[in-house]
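S.K.: TSV, C-alpha atoms, file coords.tsv:
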```tsv
chain	number	residue	atom	x	y	z
A	1334	ILE	CA	78.89	95.18	152.91
A	1335	SER	CA	77.06	92.40	154.70
A	1336	GLU	CA	80.12	91.53	156.80
A	1337	ARG	CA	80.88	95.15	157.56
A	1338	LEU	CA	77.33	95.83	158.76
A	1339	ASN	CA	76.94	92.43	160.40
A	1340	SER	CA	73.56	92.17	158.75
A	1341	ASN	CA	71.99	90.34	155.85
A	1342	ILE	CA	71.63	92.39	152.70
A	1343	ARG	CA	68.15	92.50	151.29
A	1344	ILE	CA	68.59	94.87	148.32
A	1345	VAL	CA	71.61	96.26	146.55
A	1346	GLY	CA	70.87	99.28	144.37
A	1347	LEU	CA	73.42	100.53	141.88
A	1348	SER	CA	73.49	103.58	139.67
A	1349	THR	CA	76.07	105.35	137.53
A	1350	ALA	CA	75.27	108.68	139.16
A	1351	LEU	CA	73.04	109.37	142.10
A	1352	ALA	CA	72.55	112.83	143.54
A	1353	ASN	CA	69.88	111.79	146.05
A	1354	ALA	CA	71.30	108.62	147.63
A	1355	GLU	CA	69.68	109.37	150.99
A	1356	ASP	CA	66.24	109.73	149.39
A	1357	LEU	CA	66.68	106.41	147.62
A	1358	GLY	CA	67.86	104.81	150.84
A	1359	SER	CA	64.82	106.11	152.64
A	1360	TRP	CA	62.56	104.75	149.89
A	1361	LEU	CA	64.28	101.35	150.21
A	1362	GLY	CA	63.70	101.44	153.97
A	1363	ILE	CA	67.32	101.96	155.00
A	1364	GLU	CA	67.42	103.58	158.42
A	1365	ASN	CA	69.60	106.67	159.02
A	1366	GLY	CA	71.58	106.10	155.83
A	1367	LYS	CA	73.24	103.03	157.35
A	1368	GLY	CA	74.57	100.97	154.45
A	1369	ILE	CA	74.38	103.66	151.78
A	1370	TYR	CA	77.55	104.10	149.76
A	1371	ASN	CA	77.57	106.92	147.23
A	1372	PHE	CA	80.74	107.28	145.19
A	1373	SER	CA	81.76	110.60	143.72
A	1374	SER	CA	81.79	110.95	139.94
A	1375	ALA	CA	85.52	111.72	140.33
A	1376	VAL	CA	86.18	107.97	140.79
A	1377	ARG	CA	84.60	107.05	137.43
A	1378	PRO	CA	86.99	105.34	134.99
A	1379	VAL	CA	85.50	107.43	132.17
A	1380	PRO	CA	84.78	111.13	132.80
A	1381	LEU	CA	81.10	112.00	132.72
A	1382	GLU	CA	79.59	115.30	131.64
A	1383	VAL	CA	76.07	115.95	132.83
A	1384	HIS	CA	73.74	118.45	131.18
A	1385	ILE	CA	70.23	118.78	132.58
A	1386	ASN	CA	67.21	120.32	130.88
A	1387	GLY	CA	63.71	120.50	132.30
A	1388	PHE	CA	60.62	119.69	130.26
A	1389	PRO	CA	57.22	120.72	131.57
A	1390	GLY	CA	54.20	118.67	130.76
A	1391	GLU	CA	51.53	116.79	132.58
A	1392	HIS	CA	51.18	113.82	130.23
A	1393	TYR	CA	53.92	111.30	129.57
A	1394	SER	CA	53.84	110.80	125.79
A	1395	PRO	CA	53.76	114.47	124.74
A	1396	ARG	CA	56.46	115.31	127.30
A	1397	MET	CA	58.70	112.52	126.02
A	1398	ALA	CA	58.17	113.64	122.41
A	1399	SER	CA	59.03	117.23	123.38
A	1400	MET	CA	62.45	116.06	124.59
A	1401	ASN	CA	63.67	114.59	121.31
A	1402	LYS	CA	64.58	117.77	119.44
A	1403	PRO	CA	66.42	119.31	122.44
A	1404	ALA	CA	68.24	115.97	122.91
A	1405	TYR	CA	69.30	116.04	119.26
A	1406	GLN	CA	70.47	119.64	119.64
A	1407	ALA	CA	72.41	118.73	122.80
A	1408	ILE	CA	74.18	115.93	120.92
A	1409	GLN	CA	75.11	118.44	118.22
A	1410	GLN	CA	76.41	120.88	120.81
A	1411	TYR	CA	78.16	118.64	123.33
A	1412	SER	CA	79.01	115.35	121.67
A	1413	LYS	CA	78.88	115.61	117.90
A	1414	ASN	CA	81.59	113.00	117.26
A	1415	ARG	CA	81.35	110.85	120.37
A	1416	PRO	CA	78.86	108.12	121.29
A	1417	VAL	CA	75.84	109.18	123.33
A	1418	ILE	CA	73.33	107.21	125.39
A	1419	ILE	CA	69.79	108.49	125.87
A	1420	PHE	CA	67.86	106.70	128.60
A	1421	VAL	CA	64.09	106.41	128.32
A	1422	SER	CA	61.62	104.50	130.44
A	1423	SER	CA	60.14	101.88	128.11
A	1424	ARG	CA	60.79	99.66	125.12
A	1425	ARG	CA	58.19	101.54	123.13
A	1426	GLN	CA	59.73	104.89	123.98
A	1427	THR	CA	63.17	103.57	123.00
A	1428	ARG	CA	61.86	102.87	119.49
A	1429	LEU	CA	59.94	106.15	119.25
A	1430	THR	CA	62.91	108.22	120.40
A	1431	ALA	CA	65.24	106.53	117.91
A	1432	LEU	CA	62.78	107.10	115.06
A	1433	ASP	CA	62.35	110.73	116.04
A	1434	LEU	CA	66.13	111.23	116.07
A	1435	ILE	CA	66.27	109.71	112.59
A	1436	SER	CA	63.67	112.24	111.42
A	1437	LEU	CA	65.79	115.05	112.83
A	1438	CYS	CA	68.89	113.63	111.13
A	1439	ALA	CA	67.01	113.38	107.84
A	1440	SER	CA	66.36	117.12	107.89
A	1441	SER	CA	70.08	117.85	108.26
A	1442	SER	CA	72.73	118.09	105.54
A	1443	ASN	CA	74.16	114.73	106.67
A	1444	PRO	CA	71.37	112.27	107.54
A	1445	ARG	CA	73.87	109.54	108.48
A	1446	GLN	CA	76.00	111.80	110.68
A	1447	PHE	CA	75.98	109.30	113.56
A	1448	LEU	CA	77.12	106.35	111.43
A	1449	HIS	CA	80.88	105.80	111.62
A	1450	MET	CA	81.35	102.61	109.64
A	1451	TYR	CA	81.48	101.61	106.01
A	1452	GLU	CA	78.20	100.82	104.25
A	1453	ASN	CA	79.39	97.32	103.30
A	1454	GLU	CA	80.18	96.53	106.96
A	1455	LEU	CA	76.69	97.68	107.94
A	1456	GLU	CA	75.15	95.63	105.15
A	1457	ILE	CA	76.93	92.48	106.29
A	1458	LEU	CA	75.79	93.08	109.90
A	1459	SER	CA	72.21	93.63	108.77
A	1460	GLN	CA	72.19	90.45	106.70
A	1461	THR	CA	74.00	88.15	109.12
A	1462	SER	CA	73.71	89.38	112.71
A	1463	VAL	CA	70.78	91.72	113.29
A	1464	GLN	CA	67.33	90.17	113.73
A	1465	SER	CA	65.17	93.19	114.52
A	1466	GLU	CA	63.89	95.12	111.50
A	1467	THR	CA	63.63	98.26	113.64
A	1468	LEU	CA	67.26	97.90	114.68
A	1469	LYS	CA	68.34	97.38	111.06
A	1470	HIS	CA	66.59	100.65	110.19
A	1471	THR	CA	68.03	102.67	113.09
A	1472	LEU	CA	71.56	101.33	112.58
A	1473	ALA	CA	71.51	102.61	109.00
A	1474	PHE	CA	71.53	106.10	110.58
A	1475	GLY	CA	74.10	105.26	113.26
A	1476	ILE	CA	71.47	105.02	115.99
A	1477	GLY	CA	71.28	101.91	118.12
A	1478	ILE	CA	68.46	100.82	120.37
A	1479	HIS	CA	68.86	98.62	123.43
A	1480	HIS	CA	66.23	97.14	125.72
A	1481	ALA	CA	65.36	93.86	127.44
A	1482	GLY	CA	62.86	92.85	124.75
A	1483	MET	CA	65.58	92.50	122.10
A	1484	SER	CA	67.44	89.31	121.32
A	1485	ARG	CA	70.69	88.84	123.18
A	1486	ASN	CA	72.58	88.94	119.89
A	1487	ASP	CA	71.00	92.27	118.84
A	1488	ARG	CA	71.82	93.81	122.23
A	1489	LYS	CA	75.41	92.54	122.01
A	1490	THR	CA	75.76	93.93	118.49
A	1491	VAL	CA	74.58	97.36	119.62
A	1492	GLU	CA	76.94	97.28	122.62
A	1493	GLU	CA	79.92	96.40	120.44
A	1494	LEU	CA	79.08	99.07	117.85
A	1495	PHE	CA	78.66	101.67	120.59
A	1496	VAL	CA	81.92	100.81	122.37
A	1497	SER	CA	83.82	100.88	119.08
A	1498	GLY	CA	82.35	104.31	118.25
A	1499	LYS	CA	80.64	103.09	115.08
A	1500	ILE	CA	77.24	104.33	116.20
```
Go through the file and emit its structure as C-alpha coordinates.
M.R.:
Amino acid sequence: ISERLNSNIRIVGLSTALANAEDLGSWLGIENGKGIYNFSSAVRPVPLEVHINGFPGEHYSPRMASMNKPAYQAIQQYSKNRPVIIFVSSRRQTRLTALDLISLCASSSNPRQFLHMYENELEILSQTSVQSETLKHTLAFGIGIHHAGMSRNDRKTVEELFVSGKI
(Lines of atoms letter the chains of each structure in order from A and count residues from 1; the text may use other names and numbers.)
(Lines give C-alpha, C1' and ligand atoms only; values in the text may rest on other atoms or scores of the structure.)
Protein backbone atom coordinates (compact mmCIF):
# COMPACT_ATOMS: atom_id res chain seq x y z
CA ILE A 1 0.00 0.00 0.00
CA SER A 2 2.86 2.32 0.85
CA GLU A 3 4.34 2.04 -2.65
CA ARG A 4 0.97 2.45 -4.32
CA LEU A 5 0.18 5.62 -2.36
CA ASN A 6 3.75 6.89 -2.44
CA SER A 7 3.43 7.64 1.24
CA ASN A 8 4.61 6.17 4.51
CA ILE A 9 2.04 4.07 6.31
CA ARG A 10 1.40 5.08 9.87
CA ILE A 11 -1.38 2.65 10.87
CA VAL A 12 -2.76 -0.48 9.31
CA GLY A 13 -6.15 -1.52 10.68
CA LEU A 14 -7.56 -4.95 9.93
CA SER A 15 -10.90 -6.51 10.66
CA THR A 16 -12.76 -9.64 9.60
CA ALA A 17 -15.83 -7.61 8.69
CA LEU A 18 -16.24 -3.88 8.59
CA ALA A 19 -19.45 -2.19 7.52
CA ASN A 20 -18.25 1.34 8.31
CA ALA A 21 -14.75 1.48 6.80
CA GLU A 22 -15.08 5.17 5.95
CA ASP A 23 -16.01 6.05 9.54
CA LEU A 24 -13.01 4.13 10.82
CA GLY A 25 -10.80 5.83 8.25
CA SER A 26 -12.05 9.21 9.36
CA TRP A 27 -11.38 8.32 12.99
CA LEU A 28 -7.83 7.26 12.03
CA GLY A 29 -7.35 10.58 10.24
CA ILE A 30 -7.37 9.23 6.70
CA GLU A 31 -8.38 11.98 4.31
CA ASN A 32 -11.12 11.35 1.72
CA GLY A 33 -10.91 7.59 2.14
CA LYS A 34 -7.49 7.54 0.46
CA GLY A 35 -5.83 4.29 1.49
CA ILE A 36 -8.92 2.50 2.76
CA TYR A 37 -9.40 -1.00 1.39
CA ASN A 38 -12.58 -2.79 2.40
CA PHE A 39 -12.99 -6.30 1.05
CA SER A 40 -16.39 -7.84 0.55
CA SER A 41 -17.35 -10.81 2.71
CA ALA A 42 -17.70 -12.72 -0.58
CA VAL A 43 -13.89 -13.04 -0.74
CA ARG A 44 -13.68 -14.80 2.66
CA PRO A 45 -12.18 -18.31 2.51
CA VAL A 46 -14.83 -19.46 5.00
CA PRO A 47 -18.42 -18.25 4.57
CA LEU A 48 -19.63 -16.00 7.36
CA GLU A 49 -23.18 -15.68 8.62
CA VAL A 50 -23.94 -12.55 10.57
CA HIS A 51 -26.88 -12.23 12.96
CA ILE A 52 -27.29 -8.97 14.83
CA ASN A 53 -29.36 -8.35 17.95
CA GLY A 54 -29.62 -5.07 19.83
CA PHE A 55 -29.44 -4.85 23.61
CA PRO A 56 -30.54 -1.67 25.33
CA GLY A 57 -28.93 -0.61 28.54
CA GLU A 58 -27.03 2.31 29.88
CA HIS A 59 -24.53 0.45 32.06
CA TYR A 60 -21.91 -1.93 30.73
CA SER A 61 -22.05 -4.90 33.11
CA PRO A 62 -25.83 -5.41 33.17
CA ARG A 63 -25.99 -4.97 29.39
CA MET A 64 -23.26 -7.56 28.87
CA ALA A 65 -25.00 -9.99 31.23
CA SER A 66 -28.28 -9.49 29.37
CA MET A 67 -26.63 -10.71 26.16
CA ASN A 68 -25.61 -14.16 27.39
CA LYS A 69 -28.96 -15.94 27.24
CA PRO A 70 -29.82 -14.59 23.75
CA ALA A 71 -26.29 -15.58 22.62
CA TYR A 72 -26.86 -19.10 23.94
CA GLN A 73 -30.23 -19.24 22.17
CA ALA A 74 -28.64 -18.01 18.93
CA ILE A 75 -26.04 -20.78 19.13
CA GLN A 76 -28.86 -23.28 19.57
CA GLN A 77 -30.72 -21.86 16.59
CA TYR A 78 -27.95 -21.11 14.10
CA SER A 79 -24.92 -23.18 14.99
CA LYS A 80 -25.80 -26.06 17.28
CA ASN A 81 -23.09 -28.41 15.98
CA ARG A 82 -20.49 -25.97 14.69
CA PRO A 83 -17.89 -23.93 16.57
CA VAL A 84 -18.87 -20.39 17.55
CA ILE A 85 -16.82 -17.39 18.64
CA ILE A 86 -18.32 -14.75 20.92
CA PHE A 87 -16.29 -11.56 21.12
CA VAL A 88 -16.40 -9.50 24.31
CA SER A 89 -14.39 -6.46 25.32
CA SER A 90 -12.34 -7.59 28.31
CA ARG A 91 -10.58 -10.51 29.96
CA ARG A 92 -12.99 -10.35 32.86
CA GLN A 93 -16.01 -10.37 30.56
CA THR A 94 -14.56 -13.34 28.68
CA ARG A 95 -14.56 -15.36 31.91
CA LEU A 96 -18.00 -14.13 33.00
CA THR A 97 -19.58 -14.88 29.62
CA ALA A 98 -18.11 -18.40 29.56
CA LEU A 99 -19.36 -19.10 33.09
CA ASP A 100 -22.81 -17.79 32.23
CA LEU A 101 -22.94 -20.04 29.15
CA ILE A 102 -22.01 -22.98 31.37
CA SER A 103 -24.93 -22.12 33.66
CA LEU A 104 -27.26 -22.10 30.68
CA CYS A 105 -25.86 -25.44 29.49
CA ALA A 106 -26.33 -26.90 32.97
CA SER A 107 -30.05 -26.19 32.81
CA SER A 108 -30.37 -28.11 29.54
CA SER A 109 -30.81 -31.86 29.03
CA ASN A 110 -27.20 -32.09 27.81
CA PRO A 111 -24.89 -29.88 29.90
CA ARG A 112 -21.83 -30.88 27.85
CA GLN A 113 -23.49 -30.27 24.48
CA PHE A 114 -20.57 -28.18 23.22
CA LEU A 115 -17.92 -30.77 24.09
CA HIS A 116 -17.00 -32.96 21.11
CA MET A 117 -14.15 -35.05 22.46
CA TYR A 118 -13.75 -38.07 24.69
CA GLU A 119 -13.56 -37.51 28.44
CA ASN A 120 -10.17 -39.24 28.67
CA GLU A 121 -8.73 -36.90 26.02
CA LEU A 122 -10.01 -33.91 27.98
CA GLU A 123 -8.59 -35.33 31.20
CA ILE A 124 -5.15 -35.75 29.66
CA LEU A 125 -5.25 -32.17 28.32
CA SER A 126 -6.30 -30.83 31.71
CA GLN A 127 -3.52 -32.68 33.50
CA THR A 128 -0.70 -32.06 31.03
CA SER A 129 -1.34 -28.95 28.92
CA VAL A 130 -3.81 -26.53 30.48
CA GLN A 131 -2.53 -24.19 33.19
CA SER A 132 -5.57 -22.02 33.91
CA GLU A 133 -8.07 -23.48 36.37
CA THR A 134 -10.83 -21.40 34.78
CA LEU A 135 -9.98 -22.83 31.36
CA LYS A 136 -9.97 -26.38 32.75
CA HIS A 137 -13.47 -25.74 34.08
CA THR A 138 -14.85 -24.19 30.88
CA LEU A 139 -13.30 -26.85 28.64
CA ALA A 140 -15.15 -29.54 30.59
CA PHE A 141 -18.32 -28.05 29.03
CA GLY A 142 -16.82 -27.56 25.57
CA ILE A 143 -16.38 -23.83 26.05
CA GLY A 144 -12.99 -22.27 25.48
CA ILE A 145 -11.81 -18.85 26.54
CA HIS A 146 -9.11 -16.85 24.79
CA HIS A 147 -7.52 -13.55 25.76
CA ALA A 148 -4.09 -11.91 25.98
CA GLY A 149 -3.76 -12.58 29.72
CA MET A 150 -3.62 -16.35 29.21
CA SER A 151 -0.43 -18.34 28.75
CA ARG A 152 0.63 -18.90 25.17
CA ASN A 153 0.15 -22.64 25.62
CA ASP A 154 -3.42 -22.25 26.91
CA ARG A 155 -4.31 -19.97 24.00
CA LYS A 156 -2.77 -22.43 21.52
CA THR A 157 -4.68 -25.31 23.10
CA VAL A 158 -7.98 -23.44 22.77
CA GLU A 159 -7.20 -22.52 19.15
CA GLU A 160 -6.42 -26.13 18.25
CA LEU A 161 -9.54 -27.46 19.98
CA PHE A 162 -11.68 -24.84 18.25
CA VAL A 163 -10.25 -25.50 14.77
CA SER A 164 -10.68 -29.25 15.21
CA GLY A 165 -14.32 -28.74 16.28
CA LYS A 166 -13.80 -30.30 19.71
CA ILE A 167 -15.15 -27.24 21.51
S.K.: What's the separation between CA of Gln1426 (chain A) and CA of Met1397 (chain A), in Å to one decimal place?
M.R.: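 Straight-line distance from CA of Gln1426 (chain A) to CA of Met1397 (chain A) works out to 8.0 Å.
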S.K.: Given the choices A:Met1450, A:Ile1369, A:Ile1500, A:Leu1494, which gets closest to Asn1414 (chain A) if the distance is worked out from all atoms listed in the file?
M.R.: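 So, comparing all the options, the nearest one is A:Ile1500.
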S.K.: Name the closest residue to Ala1481 (chain A) among the candidates A:Ser1423, A:Asn1339, A:Asn1453, A:Thr1467; distances are taken between atoms, counting only C-alpha atoms.
M.R.: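 Result for the nearest residue to Ala1481 (chain A): A:Ser1423.
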S.K.: Fewer than 3 positions away in the same chain doesn't count, so skip those; otherwise give me all residues within 12 Å of Thr1490 (chain A), counting only C-alpha atoms, as a VMD selection string.
M.R.: chain A and resid 1455 1458 to 1459 1461 to 1465 1468 to 1469 1472 1477 to 1479 1483 to 1487 1493 to 1497 1499 to 1500
S.K.: Need the shell around Asp1356 (chain A): protein/DNA/RNA residues with any atom at most 12 Å away, counting only C-alpha atoms. Skip same-chain ones fewer than 6 positions apart. Format as a ChimeraX atom specification?
M.R.: /A:1362-1366,1369,1371
S.K.: If we count only C-alpha atoms and set the cut-off at 12 Å, which residues sit around region 1386-1396 of chain A, ignoring sequence neighbours fewer than 4 positions away in its own chain? Please answer as a ChimeraX atom specification.
M.R.: /A:1400-1404,1406-1407,1421-1423,1425-1426,1429-1430
S.K.: So, with all atoms listed in the file as the atoms that count, which of A:Arg1424, A:Pro1416, A:Ser1442, A:Ser1340 lies closest to Val1491 (chain A)?
M.R.: A:Pro1416
S.K.: Quick one: pull the distance between CA of Gln1410 (chain A) and CA of Glu1452 (chain A), Å, one decimal.
M.R.: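 Computing it gives 26.1 Å between the two atoms.
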S.K.: Please report the interatomic distance between CA of Phe1420 (chain A) and CA of Tyr1370 (chain A) in Å with one decimal.
M.R.: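 One can read the CA of Phe1420 (chain A) to CA of Tyr1370 (chain A) distance as 23.4 Å.
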S.K.: My list of candidates is A:Phe1474, A:Lys1413, A:Val1383, A:Ile1457. Which is closest to Leu1432 (chain A) when distances are computed with only C-alpha atoms?
M.R.: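 The answer is A:Phe1474, which sits nearest to Leu1432 (chain A).
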S.K.: Nearest residue to Ile1408 (chain A) out of A:Thr1427, A:Thr1471, A:Glu1466, A:Cys1438, using only C-alpha atoms?
M.R.: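 For Ile1408 (chain A), the nearest of the given residues is A:Cys1438.
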S.K.: Which residue, A:Gln1460, A:Ser1374, A:Ser1359, A:Ser1399, has the smallest gap to Leu1434 (chain A) when you use only C-alpha atoms?
M.R.: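 Using only C-alpha atoms, the shortest distance to Leu1434 (chain A) belongs to A:Ser1399.
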S.K.: Can region 1442-1453 of chain A be brought up to all heavy atoms and written out as a PDB file, in the coordinates of the input?
M.R.:
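Heads up, here's the output in out28.pdb:
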```
ATOM      1  N   SER A1442      71.951 118.255 106.768  1.00  0.00           N
ATOM      2  CA  SER A1442      72.730 118.090 105.540  1.00  0.00           C
ATOM      3  C   SER A1442      73.417 116.721 105.481  1.00  0.00           C
ATOM      4  O   SER A1442      73.848 116.285 104.423  1.00  0.00           O
ATOM      5  CB  SER A1442      73.767 119.203 105.406  1.00  0.00           C
ATOM      6  OG  SER A1442      74.660 119.144 106.507  1.00  0.00           O
ATOM      7  N   ASN A1443      73.529 116.043 106.618  1.00  0.00           N
ATOM      8  CA  ASN A1443      74.160 114.730 106.670  1.00  0.00           C
ATOM      9  C   ASN A1443      73.282 113.764 107.471  1.00  0.00           C
ATOM     10  O   ASN A1443      73.486 113.584 108.673  1.00  0.00           O
ATOM     11  CB  ASN A1443      75.560 114.835 107.296  1.00  0.00           C
ATOM     12  CG  ASN A1443      76.286 113.515 107.328  1.00  0.00           C
ATOM     13  OD1 ASN A1443      75.836 112.520 106.770  1.00  0.00           O
ATOM     14  ND2 ASN A1443      77.427 113.495 107.993  1.00  0.00           N
ATOM     15  N   PRO A1444      72.310 113.132 106.823  1.00  0.00           N
ATOM     16  CA  PRO A1444      71.370 112.270 107.540  1.00  0.00           C
ATOM     17  C   PRO A1444      72.029 111.091 108.273  1.00  0.00           C
ATOM     18  O   PRO A1444      71.483 110.587 109.233  1.00  0.00           O
ATOM     19  CB  PRO A1444      70.443 111.750 106.452  1.00  0.00           C
ATOM     20  CG  PRO A1444      70.612 112.683 105.318  1.00  0.00           C
ATOM     21  CD  PRO A1444      71.995 113.241 105.416  1.00  0.00           C
ATOM     22  N   ARG A1445      73.188 110.675 107.838  1.00  0.00           N
ATOM     23  CA  ARG A1445      73.870 109.540 108.480  1.00  0.00           C
ATOM     24  C   ARG A1445      75.065 110.014 109.314  1.00  0.00           C
ATOM     25  O   ARG A1445      76.069 109.321 109.441  1.00  0.00           O
ATOM     26  CB  ARG A1445      74.293 108.527 107.415  1.00  0.00           C
ATOM     27  CG  ARG A1445      73.099 107.934 106.708  1.00  0.00           C
ATOM     28  CD  ARG A1445      73.516 106.952 105.629  1.00  0.00           C
ATOM     29  NE  ARG A1445      72.380 106.584 104.813  1.00  0.00           N
ATOM     30  CZ  ARG A1445      71.635 105.505 104.996  1.00  0.00           C
ATOM     31  NH1 ARG A1445      71.885 104.691 105.980  1.00  0.00           N
ATOM     32  NH2 ARG A1445      70.620 105.253 104.192  1.00  0.00           N
ATOM     33  N   GLN A1446      74.910 111.181 109.918  1.00  0.00           N
ATOM     34  CA  GLN A1446      76.000 111.800 110.680  1.00  0.00           C
ATOM     35  C   GLN A1446      76.456 110.972 111.878  1.00  0.00           C
ATOM     36  O   GLN A1446      77.590 111.120 112.334  1.00  0.00           O
ATOM     37  CB  GLN A1446      75.575 113.182 111.141  1.00  0.00           C
ATOM     38  CG  GLN A1446      74.334 113.158 112.037  1.00  0.00           C
ATOM     39  CD  GLN A1446      73.775 114.526 112.280  1.00  0.00           C
ATOM     40  OE1 GLN A1446      74.452 115.349 112.864  1.00  0.00           O
ATOM     41  NE2 GLN A1446      72.552 114.777 111.817  1.00  0.00           N
ATOM     42  N   PHE A1447      75.614 110.098 112.395  1.00  0.00           N
ATOM     43  CA  PHE A1447      75.980 109.300 113.560  1.00  0.00           C
ATOM     44  C   PHE A1447      76.552 107.931 113.179  1.00  0.00           C
ATOM     45  O   PHE A1447      76.924 107.155 114.052  1.00  0.00           O
ATOM     46  CB  PHE A1447      74.775 109.105 114.485  1.00  0.00           C
ATOM     47  CG  PHE A1447      74.199 110.394 114.997  1.00  0.00           C
ATOM     48  CD1 PHE A1447      72.831 110.594 115.025  1.00  0.00           C
ATOM     49  CD2 PHE A1447      75.007 111.420 115.466  1.00  0.00           C
ATOM     50  CE1 PHE A1447      72.287 111.772 115.497  1.00  0.00           C
ATOM     51  CE2 PHE A1447      74.483 112.610 115.936  1.00  0.00           C
ATOM     52  CZ  PHE A1447      73.115 112.783 115.953  1.00  0.00           C
ATOM     53  N   LEU A1448      76.600 107.634 111.903  1.00  0.00           N
ATOM     54  CA  LEU A1448      77.120 106.350 111.430  1.00  0.00           C
ATOM     55  C   LEU A1448      78.603 106.499 111.106  1.00  0.00           C
ATOM     56  O   LEU A1448      78.992 107.306 110.270  1.00  0.00           O
ATOM     57  CB  LEU A1448      76.358 105.900 110.178  1.00  0.00           C
ATOM     58  CG  LEU A1448      76.738 104.539 109.611  1.00  0.00           C
ATOM     59  CD1 LEU A1448      76.458 103.434 110.619  1.00  0.00           C
ATOM     60  CD2 LEU A1448      75.985 104.282 108.312  1.00  0.00           C
ATOM     61  N   HIS A1449      79.431 105.718 111.789  1.00  0.00           N
ATOM     62  CA  HIS A1449      80.880 105.800 111.620  1.00  0.00           C
ATOM     63  C   HIS A1449      81.449 104.432 111.231  1.00  0.00           C
ATOM     64  O   HIS A1449      82.349 103.902 111.880  1.00  0.00           O
ATOM     65  CB  HIS A1449      81.535 106.313 112.909  1.00  0.00           C
ATOM     66  CG  HIS A1449      80.974 107.613 113.365  1.00  0.00           C
ATOM     67  ND1 HIS A1449      81.175 108.792 112.685  1.00  0.00           N
ATOM     68  CD2 HIS A1449      80.171 107.913 114.414  1.00  0.00           C
ATOM     69  CE1 HIS A1449      80.543 109.777 113.306  1.00  0.00           C
ATOM     70  NE2 HIS A1449      79.931 109.268 114.352  1.00  0.00           N
ATOM     71  N   MET A1450      80.869 103.864 110.183  1.00  0.00           N
ATOM     72  CA  MET A1450      81.350 102.610 109.640  1.00  0.00           C
ATOM     73  C   MET A1450      81.021 102.562 108.159  1.00  0.00           C
ATOM     74  O   MET A1450      80.157 103.300 107.689  1.00  0.00           O
ATOM     75  CB  MET A1450      80.741 101.410 110.383  1.00  0.00           C
ATOM     76  CG  MET A1450      79.226 101.358 110.341  1.00  0.00           C
ATOM     77  SD  MET A1450      78.481 100.230 111.534  1.00  0.00           S
ATOM     78  CE  MET A1450      78.818  98.667 110.854  1.00  0.00           C
ATOM     79  N   TYR A1451      81.713 101.720 107.444  1.00  0.00           N
ATOM     80  CA  TYR A1451      81.480 101.610 106.010  1.00  0.00           C
ATOM     81  C   TYR A1451      80.146 100.938 105.725  1.00  0.00           C
ATOM     82  O   TYR A1451      79.693 100.062 106.473  1.00  0.00           O
ATOM     83  CB  TYR A1451      82.614 100.815 105.344  1.00  0.00           C
ATOM     84  CG  TYR A1451      83.942 101.527 105.399  1.00  0.00           C
ATOM     85  CD1 TYR A1451      84.965 101.053 106.198  1.00  0.00           C
ATOM     86  CD2 TYR A1451      84.156 102.683 104.656  1.00  0.00           C
ATOM     87  CE1 TYR A1451      86.193 101.712 106.265  1.00  0.00           C
ATOM     88  CE2 TYR A1451      85.373 103.355 104.711  1.00  0.00           C
ATOM     89  CZ  TYR A1451      86.383 102.861 105.512  1.00  0.00           C
ATOM     90  OH  TYR A1451      87.578 103.526 105.571  1.00  0.00           O
ATOM     91  N   GLU A1452      79.507 101.357 104.642  1.00  0.00           N
ATOM     92  CA  GLU A1452      78.200 100.820 104.250  1.00  0.00           C
ATOM     93  C   GLU A1452      78.247  99.300 104.096  1.00  0.00           C
ATOM     94  O   GLU A1452      77.314  98.611 104.493  1.00  0.00           O
ATOM     95  CB  GLU A1452      77.731 101.461 102.941  1.00  0.00           C
ATOM     96  CG  GLU A1452      77.378 102.928 103.077  1.00  0.00           C
ATOM     97  CD  GLU A1452      76.060 103.167 103.791  1.00  0.00           C
ATOM     98  OE1 GLU A1452      75.181 102.279 103.765  1.00  0.00           O
ATOM     99  OE2 GLU A1452      75.921 104.247 104.379  1.00  0.00           O
ATOM    100  N   ASN A1453      79.337  98.766 103.507  1.00  0.00           N
ATOM    101  CA  ASN A1453      79.390  97.320 103.300  1.00  0.00           C
ATOM    102  C   ASN A1453      79.467  96.571 104.635  1.00  0.00           C
ATOM    103  O   ASN A1453      78.908  95.484 104.778  1.00  0.00           O
ATOM    104  CB  ASN A1453      80.541  96.925 102.370  1.00  0.00           C
ATOM    105  CG  ASN A1453      81.908  97.277 102.913  1.00  0.00           C
ATOM    106  OD1 ASN A1453      82.040  98.110 103.807  1.00  0.00           O
ATOM    107  ND2 ASN A1453      82.929  96.656 102.366  1.00  0.00           N
TER     108      ASN A1453
END
```
